>>> print(open('entry.cif').read())   # mmCIF, C-alpha atoms
data_start
#
loop_
_atom_site.group_PDB
_atom_site.id
_atom_site.type_symbol
_atom_site.label_atom_id
_atom_site.label_comp_id
_atom_site.auth_asym_id
_atom_site.auth_seq_id
_atom_site.Cartn_x
_atom_site.Cartn_y
_atom_site.Cartn_z
ATOM 1 C CA LYS A 1448 192.377 42.514 189.624
ATOM 2 C CA TYR A 1449 195.569 42.870 187.574
ATOM 3 C CA PRO A 1450 198.027 40.381 186.012
ATOM 4 C CA LEU A 1451 201.236 39.474 187.828
ATOM 5 C CA LEU A 1452 204.610 40.272 186.289
ATOM 6 C CA LEU A 1453 207.389 38.057 187.676
ATOM 7 C CA VAL A 1454 210.807 39.715 187.359
ATOM 8 C CA HIS A 1455 213.920 37.548 187.705
ATOM 9 C CA GLY A 1456 217.232 38.409 189.362
ATOM 10 C CA VAL A 1457 220.770 38.848 188.090
ATOM 11 C CA PHE A 1458 222.464 36.230 185.845
ATOM 12 C CA PHE A 1459 219.203 34.401 185.130
ATOM 13 C CA ARG A 1460 216.666 34.602 182.332
ATOM 14 C CA ASP A 1461 213.086 33.408 181.895
ATOM 15 C CA PHE A 1462 213.442 30.041 180.171
ATOM 16 C CA ARG A 1463 210.808 27.404 179.754
ATOM 17 C CA PHE A 1464 213.436 24.709 180.358
ATOM 18 C CA PHE A 1465 214.814 26.393 183.491
ATOM 19 C CA ASN A 1466 212.154 26.895 186.140
ATOM 20 C CA TYR A 1467 213.495 29.930 187.987
ATOM 21 C CA TRP A 1468 210.314 30.421 190.015
ATOM 22 C CA GLY A 1469 209.768 26.795 191.063
ATOM 23 C CA ARG A 1470 206.157 25.917 191.858
ATOM 24 C CA ILE A 1471 205.111 29.533 192.437
ATOM 25 C CA PRO A 1472 203.665 30.334 188.960
ATOM 26 C CA TYR A 1473 201.591 27.145 188.952
ATOM 27 C CA ALA A 1474 200.220 27.877 192.417
ATOM 28 C CA LEU A 1475 199.347 31.438 191.422
ATOM 29 C CA LYS A 1476 197.605 30.280 188.237
ATOM 30 C CA GLN A 1477 195.643 27.693 190.228
ATOM 31 C CA ASN A 1478 194.352 30.603 192.298
ATOM 32 C CA GLY A 1479 193.216 32.541 189.227
ATOM 33 C CA ALA A 1480 196.231 34.745 188.505
ATOM 34 C CA THR A 1481 197.416 35.662 185.028
ATOM 35 C CA ILE A 1482 201.210 35.465 184.826
ATOM 36 C CA TYR A 1483 203.736 37.329 182.671
ATOM 37 C CA TYR A 1484 207.522 37.428 182.900
ATOM 38 C CA GLY A 1485 209.924 40.369 182.826
ATOM 39 C CA SER A 1486 212.305 38.799 180.291
ATOM 40 C CA GLN A 1487 214.890 41.531 180.802
ATOM 41 C CA GLN A 1488 218.578 40.808 180.249
ATOM 42 C CA SER A 1489 220.221 38.777 182.965
ATOM 43 C CA ALA A 1490 223.388 40.860 183.217
ATOM 44 C CA ALA A 1491 223.094 44.564 182.497
ATOM 45 C CA SER A 1492 222.928 47.795 184.450
ATOM 46 C CA VAL A 1493 219.868 48.633 186.532
ATOM 47 C CA SER A 1494 219.077 51.485 184.149
ATOM 48 C CA ASP A 1495 219.228 49.293 181.027
ATOM 49 C CA CYS A 1496 217.159 46.519 182.611
ATOM 50 C CA GLY A 1497 214.738 49.083 183.996
ATOM 51 C CA GLN A 1498 214.172 50.504 180.521
ATOM 52 C CA GLU A 1499 213.564 47.013 179.145
ATOM 53 C CA LEU A 1500 211.044 46.321 181.906
ATOM 54 C CA ALA A 1501 209.225 49.600 181.321
ATOM 55 C CA GLU A 1502 208.809 48.703 177.658
ATOM 56 C CA ARG A 1503 207.672 45.196 178.620
ATOM 57 C CA ILE A 1504 205.079 46.560 181.052
ATOM 58 C CA ARG A 1505 203.677 49.006 178.529
ATOM 59 C CA SER A 1506 203.445 46.309 175.868
ATOM 60 C CA ILE A 1507 201.503 44.005 178.231
ATOM 61 C CA VAL A 1508 199.077 46.794 179.116
ATOM 62 C CA GLU A 1509 198.590 47.816 175.484
ATOM 63 C CA GLU A 1510 198.140 44.267 174.194
ATOM 64 C CA THR A 1511 195.757 43.085 176.932
ATOM 65 C CA GLY A 1512 193.980 46.252 178.049
ATOM 66 C CA CYS A 1513 194.634 45.238 181.681
ATOM 67 C CA GLU A 1514 195.436 48.848 182.707
ATOM 68 C CA LYS A 1515 198.103 47.853 185.256
ATOM 69 C CA VAL A 1516 200.263 44.998 186.520
ATOM 70 C CA ASN A 1517 201.365 43.862 189.964
ATOM 71 C CA ILE A 1518 205.106 43.164 189.981
ATOM 72 C CA ILE A 1519 206.764 40.440 192.043
ATOM 73 C CA ALA A 1520 210.526 40.845 191.681
ATOM 74 C CA HIS A 1521 213.403 38.787 193.043
ATOM 75 C CA SER A 1522 216.887 40.042 193.912
ATOM 76 C CA LYS A 1523 218.252 42.592 191.390
ATOM 77 C CA GLY A 1524 214.912 42.413 189.605
ATOM 78 C CA GLY A 1525 213.548 44.576 192.398
ATOM 79 C CA LEU A 1526 216.084 47.298 191.619
ATOM 80 C CA ASP A 1527 215.307 47.017 187.905
ATOM 81 C CA SER A 1528 211.584 47.330 188.664
ATOM 82 C CA ARG A 1529 212.029 50.357 190.913
ATOM 83 C CA TYR A 1530 213.994 52.040 188.149
ATOM 84 C CA ALA A 1531 211.322 51.213 185.557
ATOM 85 C CA ILE A 1532 208.640 52.727 187.789
ATOM 86 C CA SER A 1533 210.406 55.886 188.969
ATOM 87 C CA ALA A 1534 212.796 56.716 186.124
ATOM 88 C CA CYS A 1535 211.263 55.224 182.984
ATOM 89 C CA GLY A 1536 207.647 56.328 183.283
ATOM 90 C CA ALA A 1537 206.093 52.928 184.020
ATOM 91 C CA ALA A 1538 204.331 54.083 187.211
ATOM 92 C CA PRO A 1539 200.880 54.647 185.600
ATOM 93 C CA CYS A 1540 200.930 50.996 184.507
ATOM 94 C CA VAL A 1541 201.992 49.516 187.874
ATOM 95 C CA ALA A 1542 199.653 48.908 190.813
ATOM 96 C CA SER A 1543 202.214 47.410 193.184
ATOM 97 C CA LEU A 1544 205.786 46.202 193.535
ATOM 98 C CA THR A 1545 206.678 43.337 195.866
ATOM 99 C CA THR A 1546 210.409 42.711 196.114
ATOM 100 C CA ILE A 1547 211.862 39.460 197.450
ATOM 101 C CA ASN A 1548 215.400 39.518 198.881
ATOM 102 C CA THR A 1549 216.277 42.568 196.822
ATOM 103 C CA PRO A 1550 219.505 44.385 197.794
ATOM 104 C CA HIS A 1551 217.917 47.823 198.121
ATOM 105 C CA ARG A 1552 220.930 49.059 200.081
ATOM 106 C CA GLY A 1553 223.403 47.003 198.100
ATOM 107 C CA CYS A 1554 226.121 44.650 199.264
ATOM 108 C CA ILE A 1555 229.201 45.886 201.123
ATOM 109 C CA PHE A 1556 230.917 42.622 200.180
ATOM 110 C CA ALA A 1557 230.564 43.554 196.486
ATOM 111 C CA ASP A 1558 232.294 46.888 197.159
ATOM 112 C CA TYR A 1559 235.132 45.023 198.871
ATOM 113 C CA LEU A 1560 235.580 42.564 195.998
ATOM 114 C CA LEU A 1561 235.642 45.255 193.316
ATOM 115 C CA GLU A 1562 238.143 47.248 195.360
ATOM 116 C CA LYS A 1563 240.492 44.291 195.915
ATOM 117 C CA ILE A 1564 240.317 42.447 192.585
ATOM 118 C CA PRO A 1565 242.599 44.023 189.933
ATOM 119 C CA ALA A 1566 240.820 45.703 187.013
ATOM 120 C CA LYS A 1567 242.548 43.382 184.531
ATOM 121 C CA VAL A 1568 241.147 40.325 186.306
ATOM 122 C CA GLN A 1569 237.687 41.905 186.484
ATOM 123 C CA ARG A 1570 237.703 42.526 182.728
ATOM 124 C CA SER A 1571 238.870 38.975 182.027
ATOM 125 C CA VAL A 1572 236.088 37.467 184.144
ATOM 126 C CA ALA A 1573 233.558 39.835 182.584
ATOM 127 C CA ARG A 1574 234.515 38.808 179.035
ATOM 128 C CA LYS A 1575 233.966 35.139 179.863
ATOM 129 C CA TYR A 1576 230.614 35.776 181.515
ATOM 130 C CA ASN A 1577 229.438 38.079 178.731
ATOM 131 C CA ALA A 1578 230.275 35.470 176.095
ATOM 132 C CA ALA A 1579 228.337 32.812 177.998
ATOM 133 C CA LEU A 1580 225.382 35.112 178.655
ATOM 134 C CA LYS A 1581 225.096 35.991 174.966
ATOM 135 C CA LYS A 1582 224.614 32.307 174.231
ATOM 136 C CA CYS A 1583 221.832 32.268 176.822
ATOM 137 C CA GLY A 1584 219.920 35.081 175.129
ATOM 138 C CA ASP A 1585 221.279 38.376 176.429
ATOM 139 C CA THR A 1586 221.627 40.763 173.493
ATOM 140 C CA ASP A 1587 224.156 43.091 175.124
ATOM 141 C CA PRO A 1588 225.368 41.619 178.438
ATOM 142 C CA ASP A 1589 227.489 43.778 180.721
ATOM 143 C CA PHE A 1590 228.673 41.684 183.656
ATOM 144 C CA LEU A 1591 230.636 44.458 185.349
ATOM 145 C CA SER A 1592 227.813 46.995 185.169
ATOM 146 C CA ALA A 1593 225.439 44.476 186.729
ATOM 147 C CA VAL A 1594 227.831 43.734 189.593
ATOM 148 C CA GLN A 1595 228.754 47.376 190.160
ATOM 149 C CA ASP A 1596 225.074 48.311 190.433
ATOM 150 C CA LEU A 1597 224.700 45.836 193.321
ATOM 151 C CA THR A 1598 227.339 47.498 195.498
ATOM 152 C CA ALA A 1599 226.355 49.405 198.623
ATOM 153 C CA SER A 1600 227.888 52.596 197.250
ATOM 154 C CA ALA A 1601 225.966 52.411 193.956
ATOM 155 C CA CYS A 1602 222.686 51.648 195.721
ATOM 156 C CA ALA A 1603 223.190 54.555 198.129
ATOM 157 C CA ARG A 1604 223.603 56.959 195.213
ATOM 158 C CA ARG A 1605 220.598 55.507 193.402
ATOM 159 C CA ASN A 1606 218.367 55.654 196.480
ATOM 160 C CA GLU A 1607 219.080 59.367 196.857
ATOM 161 C CA ASN A 1608 217.764 60.029 193.351
ATOM 162 C CA LEU A 1609 215.119 57.321 192.934
ATOM 163 C CA ALA A 1610 212.144 58.086 195.142
ATOM 164 C CA ASP A 1611 209.273 55.615 195.384
ATOM 165 C CA HIS A 1612 206.315 56.701 193.275
ATOM 166 C CA PRO A 1613 203.371 57.836 195.448
ATOM 167 C CA ASP A 1614 200.789 56.029 193.293
ATOM 168 C CA VAL A 1615 202.441 52.601 193.551
ATOM 169 C CA PHE A 1616 202.133 50.304 196.573
ATOM 170 C CA TYR A 1617 205.525 48.927 197.673
ATOM 171 C CA GLN A 1618 206.399 46.052 199.980
ATOM 172 C CA SER A 1619 209.630 44.163 200.604
ATOM 173 C CA VAL A 1620 210.130 40.591 201.822
ATOM 174 C CA GLY A 1621 213.438 39.186 203.044
ATOM 175 C CA SER A 1622 214.740 35.862 204.329
ATOM 176 C CA THR A 1623 217.969 34.560 205.813
ATOM 177 C CA MET A 1624 219.903 31.307 205.980
ATOM 178 C CA ASN A 1625 220.645 29.916 209.440
ATOM 179 C CA CYS A 1626 224.066 28.619 208.410
ATOM 180 C CA ALA A 1627 226.120 27.985 205.269
ATOM 181 C CA SER A 1628 224.870 24.396 204.962
ATOM 182 C CA SER A 1629 221.291 25.679 204.701
ATOM 183 C CA GLY A 1630 221.825 26.570 201.030
ATOM 184 C CA ARG A 1631 223.181 25.092 197.843
ATOM 185 C CA PHE A 1632 226.096 26.323 195.746
ATOM 186 C CA PRO A 1633 226.915 29.192 195.360
ATOM 187 C CA LEU A 1634 224.879 30.477 198.319
ATOM 188 C CA ASN A 1635 226.596 28.158 200.790
ATOM 189 C CA MET A 1636 229.981 29.510 199.693
ATOM 190 C CA ALA A 1637 229.004 33.193 199.730
ATOM 191 C CA TYR A 1638 227.020 33.117 202.986
ATOM 192 C CA PRO A 1639 229.932 33.406 205.484
ATOM 193 C CA LEU A 1640 231.650 36.117 203.437
ATOM 194 C CA VAL A 1641 228.493 38.204 203.111
ATOM 195 C CA ARG A 1642 227.771 37.660 206.800
ATOM 196 C CA HIS A 1643 231.210 39.018 207.708
ATOM 197 C CA PHE A 1644 230.622 42.261 205.792
ATOM 198 C CA ASP A 1645 226.844 42.668 205.728
ATOM 199 C CA GLY A 1646 225.361 40.566 208.539
ATOM 200 C CA GLU A 1647 222.556 38.008 208.341
ATOM 201 C CA ASN A 1648 221.801 37.131 204.731
ATOM 202 C CA ASP A 1649 220.223 34.691 202.283
ATOM 203 C CA GLY A 1650 223.587 33.731 200.791
ATOM 204 C CA LEU A 1651 223.983 36.936 198.792
ATOM 205 C CA VAL A 1652 221.697 39.687 200.135
ATOM 206 C CA SER A 1653 221.669 40.858 203.745
ATOM 207 C CA LEU A 1654 218.433 41.245 205.655
ATOM 208 C CA GLU A 1655 219.388 44.848 206.421
ATOM 209 C CA SER A 1656 219.707 45.595 202.688
#
>>> encode(input="entry.cif", output="structure tokens")
Amino acid sequence: KYPLLLVHGVFFRDFRFFNYWGRIPYALKQNGATIYYGSQQSAASVSDCGQELAERIRSIVEETGCEKVNIIAHSKGGLDSRYAISACGAAPCVASLTTINTPHRGCIFADYLLEKIPAKVQRSVARKYNAALKKCGDTDPDFLSAVQDLTASACARRNENLADHPDVFYQSVGSTMNCASSGRFPLNMAYPLVRHFDGENDGLVSLES
């Protein structure tokens, strides 16, 4: 009934030359779906990305007259979408939100890293990432804000203040790797560390989260 809005995760953007979603868009189109993409920044806070998504959703509805969209969001994109719906007024334009391996409860491992890595090192890494992400199309990348918003502590605070909207249908899908060799870099490297702190995971996000 409504178009599908595919919302990417952290550190990725919607590029024609980089097929983030694999064969999924083609399969959906073959079954009659109309596809749009979130196109939010790859590395920014949940609130900034959520605002971008809310504006994107409203523009799609206004330009097409479709009334609403169904969102399919991966990883941090699910957090961005929840924020757009509940905090940025996009709820009237959203029929449903399906999140795939989204860290709704955050990542304890991310809390541990930010606690242990010196602030000077964090800023140095962030500067390098931000410079690279600008070249990829982000207008105002903020690597540290993106990472901090994925921590368990940040997600706990956000969940207390970000209730699901009663007029939107929500569902969440998760998957796990059986072992480190099940995934490619960097998931195969992160899997055992995330498992130690968070339990079974897909290489970055725990099933519990």
>>> closest_atom_pairs(input="entry.cif", of="segment 1536-1587 of chain A", to="segment 1509-1525 of chain A", cutoff="10 Å", atoms="all atoms listed in the file", output="tab-separated table")
residue	atom	partner	partner_atom	distance
A:Ala1537	CA	A:Lys1515	CA	9.5
A:Ala1538	CA	A:Lys1515	CA	9.0
A:Pro1539	CA	A:Lys1515	CA	7.3
A:Cys1540	CA	A:Lys1515	CA	4.3
A:Val1541	CA	A:Lys1515	CA	5.0
A:Ala1542	CA	A:Asn1517	CA	5.4
A:Ser1543	CA	A:Asn1517	CA	4.9
A:Leu1544	CA	A:Ile1518	CA	4.7
A:Thr1545	CA	A:Ile1519	CA	4.8
A:Thr1546	CA	A:Ala1520	CA	4.8
A:Ile1547	CA	A:His1521	CA	4.7
A:Asn1548	CA	A:Ser1522	CA	5.2
A:Thr1549	CA	A:Ser1522	CA	3.9
A:Pro1550	CA	A:Ser1522	CA	6.4
A:His1551	CA	A:Gly1525	CA	7.9
A:Gly1553	CA	A:Lys1523	CA	9.5
>>> closest_residue(input="entry.cif", among="A:Ser1486, A:Ser1592, A:Thr1481, A:Asn1608", to="His1455 of chain A", atoms="only C-alpha atoms")
A:Ser1486
>>> residues_around(input="entry.cif", residues="Tyr1484 of chain A", least_positions_apart="2", cutoff="10 Å", atoms="all atoms listed in the file", output="list in words")
Leu1451, Leu1452, Leu1453, Val1454, His1455, Arg1460, Asp1461, Phe1462, Ile1482, Ser1486, Gln1487, Leu1500, Arg1503, Ile1504, Ile1518, Ile1519 and Ala1520 of chain A
>>> residues_around(input="entry.cif", residues="segment 1596-1601 of chain A", least_positions_apart="3", cutoff="6 Å", atoms="all atoms listed in the file", output="list of chain:residue names")
A:Arg1552, A:Gly1553, A:Cys1554, A:Ile1555, A:Ala1557, A:Asp1558, A:Ala1593, A:Arg1604
>>> resolve_selection(input="entry.cif", expression="the PyMOL selection byres ((chain A and resi 1650) around 12)", output="PyMOL selection string")
chain A and resi 1522+1548+1550+1554+1556+1621-1643+1645-1649+1651-1654
>>> residues_around(input="entry.cif", residues="Asp1495 of chain A", least_positions_apart="3", cutoff="12 Å", atoms="all atoms listed in the file", output="short mmCIF file (atom, residue, chain, number, x, y, z; two decimals) with C-alpha atoms, in the frame of the given file")
data_model
loop_
_atom_site.label_atom_id
_atom_site.label_comp_id
_atom_site.auth_asym_id
_atom_site.auth_seq_id
_atom_site.Cartn_x
_atom_site.Cartn_y
_atom_site.Cartn_z
CA GLN A 1487 214.89 41.53 180.80
CA GLN A 1488 218.58 40.81 180.25
CA SER A 1489 220.22 38.78 182.96
CA ALA A 1490 223.39 40.86 183.22
CA ALA A 1491 223.09 44.56 182.50
CA SER A 1492 222.93 47.80 184.45
CA GLN A 1498 214.17 50.50 180.52
CA GLU A 1499 213.56 47.01 179.14
CA LEU A 1500 211.04 46.32 181.91
CA ALA A 1501 209.22 49.60 181.32
CA GLU A 1502 208.81 48.70 177.66
CA GLY A 1524 214.91 42.41 189.60
CA LEU A 1526 216.08 47.30 191.62
CA ASP A 1527 215.31 47.02 187.90
CA SER A 1528 211.58 47.33 188.66
CA TYR A 1530 213.99 52.04 188.15
CA ALA A 1531 211.32 51.21 185.56
CA ALA A 1534 212.80 56.72 186.12
CA CYS A 1535 211.26 55.22 182.98
CA THR A 1586 221.63 40.76 173.49
CA ASP A 1587 224.16 43.09 175.12
CA PRO A 1588 225.37 41.62 178.44
CA ASP A 1589 227.49 43.78 180.72
CA SER A 1592 227.81 47.00 185.17
CA ALA A 1593 225.44 44.48 186.73
CA ASP A 1596 225.07 48.31 190.43
#
>>> residues_around(input="entry.cif", residues="Ser1533 of chain A", least_positions_apart="5", cutoff="7 Å", atoms="all atoms listed in the file", output="count of residues only")
5
>>> atom_distance(input="entry.cif", atom1="atom CA of Arg1529 of chain A", atom2="atom CA of Val1493 of chain A")
9.1 Å
>>> atom_distance(input="entry.cif", atom1="atom CA of Gly1584 of chain A", atom2="atom CA of Arg1505 of chain A")
21.7 Å
>>> closest_residue(input="entry.cif", among="A:Pro1450, A:Ala1480, A:Leu1591, A:Gly1485", to="Ser1571 of chain A", atoms="only C-alpha atoms")
A:Leu1591
>>> decode(input="entry.cif", residues="segment 1529-1552 of chain A", atoms="N, CA, C and O atoms", output="CSV table (one decimal), in the first residue's frame")
chain,number,residue,atom,x,y,z
A,1529,ARG,N,13.5,5.6,14.8
A,1529,ARG,CA,12.7,5.8,16.0
A,1529,ARG,C,12.7,7.2,16.4
A,1529,ARG,O,11.6,7.7,16.8
A,1530,TYR,N,13.8,7.9,16.4
A,1530,TYR,CA,13.9,9.3,16.8
A,1530,TYR,C,13.1,10.1,15.8
A,1530,TYR,O,12.4,11.1,16.3
A,1531,ALA,N,13.2,9.9,14.5
A,1531,ALA,CA,12.4,10.7,13.6
A,1531,ALA,C,10.9,10.6,13.8
A,1531,ALA,O,10.2,11.5,13.8
A,1532,ILE,N,10.5,9.3,14.2
A,1532,ILE,CA,9.0,9.1,14.4
A,1532,ILE,C,8.6,9.7,15.7
A,1532,ILE,O,7.6,10.5,15.7
A,1533,SER,N,9.3,9.5,16.8
A,1533,SER,CA,8.8,9.9,18.1
A,1533,SER,C,9.2,11.3,18.6
A,1533,SER,O,8.5,11.9,19.4
A,1534,ALA,N,10.3,11.8,18.0
A,1534,ALA,CA,10.8,13.1,18.5
A,1534,ALA,C,10.8,14.2,17.4
A,1534,ALA,O,10.9,15.4,17.8
A,1535,CYS,N,10.6,13.8,16.2
A,1535,CYS,CA,10.7,14.8,15.1
A,1535,CYS,C,9.4,15.0,14.3
A,1535,CYS,O,9.4,15.6,13.2
A,1536,GLY,N,8.3,14.4,14.8
A,1536,GLY,CA,7.0,14.6,14.2
A,1536,GLY,C,6.7,13.8,13.0
A,1536,GLY,O,5.8,14.2,12.2
A,1537,ALA,N,7.5,12.8,12.7
A,1537,ALA,CA,7.3,12.0,11.4
A,1537,ALA,C,6.2,10.9,11.5
A,1537,ALA,O,5.8,10.3,10.5
A,1538,ALA,N,5.7,10.7,12.7
A,1538,ALA,CA,4.8,9.6,13.0
A,1538,ALA,C,3.5,9.6,12.0
A,1538,ALA,O,3.2,8.5,11.5
A,1539,PRO,N,2.9,10.8,11.7
A,1539,PRO,CA,1.7,10.7,10.8
A,1539,PRO,C,2.1,10.3,9.4
A,1539,PRO,O,1.2,9.9,8.7
A,1540,CYS,N,3.4,10.3,9.1
A,1540,CYS,CA,3.8,9.9,7.7
A,1540,CYS,C,4.4,8.5,7.7
A,1540,CYS,O,4.9,8.1,6.6
A,1541,VAL,N,4.3,7.7,8.8
A,1541,VAL,CA,5.0,6.4,8.9
A,1541,VAL,C,3.9,5.4,9.3
A,1541,VAL,O,3.3,5.5,10.3
A,1542,ALA,N,3.8,4.3,8.4
A,1542,ALA,CA,2.9,3.2,8.7
A,1542,ALA,C,3.5,2.2,9.6
A,1542,ALA,O,2.9,1.7,10.5
A,1543,SER,N,4.8,1.9,9.4
A,1543,SER,CA,5.5,0.9,10.1
A,1543,SER,C,7.0,1.1,10.1
A,1543,SER,O,7.5,1.8,9.2
A,1544,LEU,N,7.6,0.5,11.1
A,1544,LEU,CA,9.1,0.5,11.2
A,1544,LEU,C,9.5,-0.9,11.5
A,1544,LEU,O,9.2,-1.5,12.5
A,1545,THR,N,10.3,-1.5,10.6
A,1545,THR,CA,11.0,-2.8,10.8
A,1545,THR,C,12.4,-2.5,10.9
A,1545,THR,O,13.1,-2.0,10.0
A,1546,THR,N,13.0,-2.9,12.1
A,1546,THR,CA,14.4,-2.7,12.3
A,1546,THR,C,15.1,-4.1,12.2
A,1546,THR,O,14.6,-5.1,12.7
A,1547,ILE,N,16.3,-4.0,11.6
A,1547,ILE,CA,17.1,-5.2,11.4
A,1547,ILE,C,18.4,-5.1,12.1
A,1547,ILE,O,19.2,-4.2,11.8
A,1548,ASN,N,18.7,-5.9,13.1
A,1548,ASN,CA,19.9,-5.9,13.9
A,1548,ASN,C,20.2,-4.5,14.4
A,1548,ASN,O,21.4,-4.0,14.3
A,1549,THR,N,19.2,-3.8,14.9
A,1549,THR,CA,19.4,-2.5,15.5
A,1549,THR,C,19.7,-2.6,17.0
A,1549,THR,O,19.1,-3.3,17.7
A,1550,PRO,N,20.7,-1.9,17.4
A,1550,PRO,CA,21.1,-1.9,18.9
A,1550,PRO,C,20.2,-1.1,19.8
A,1550,PRO,O,20.6,-0.1,20.3
A,1551,HIS,N,19.0,-1.5,19.9
A,1551,HIS,CA,18.0,-0.8,20.7
A,1551,HIS,C,18.5,-0.6,22.1
A,1551,HIS,O,18.1,0.5,22.7
A,1552,ARG,N,19.2,-1.5,22.7
A,1552,ARG,CA,19.7,-1.4,24.0
A,1552,ARG,C,21.2,-1.1,24.1
A,1552,ARG,O,21.8,-1.1,25.1
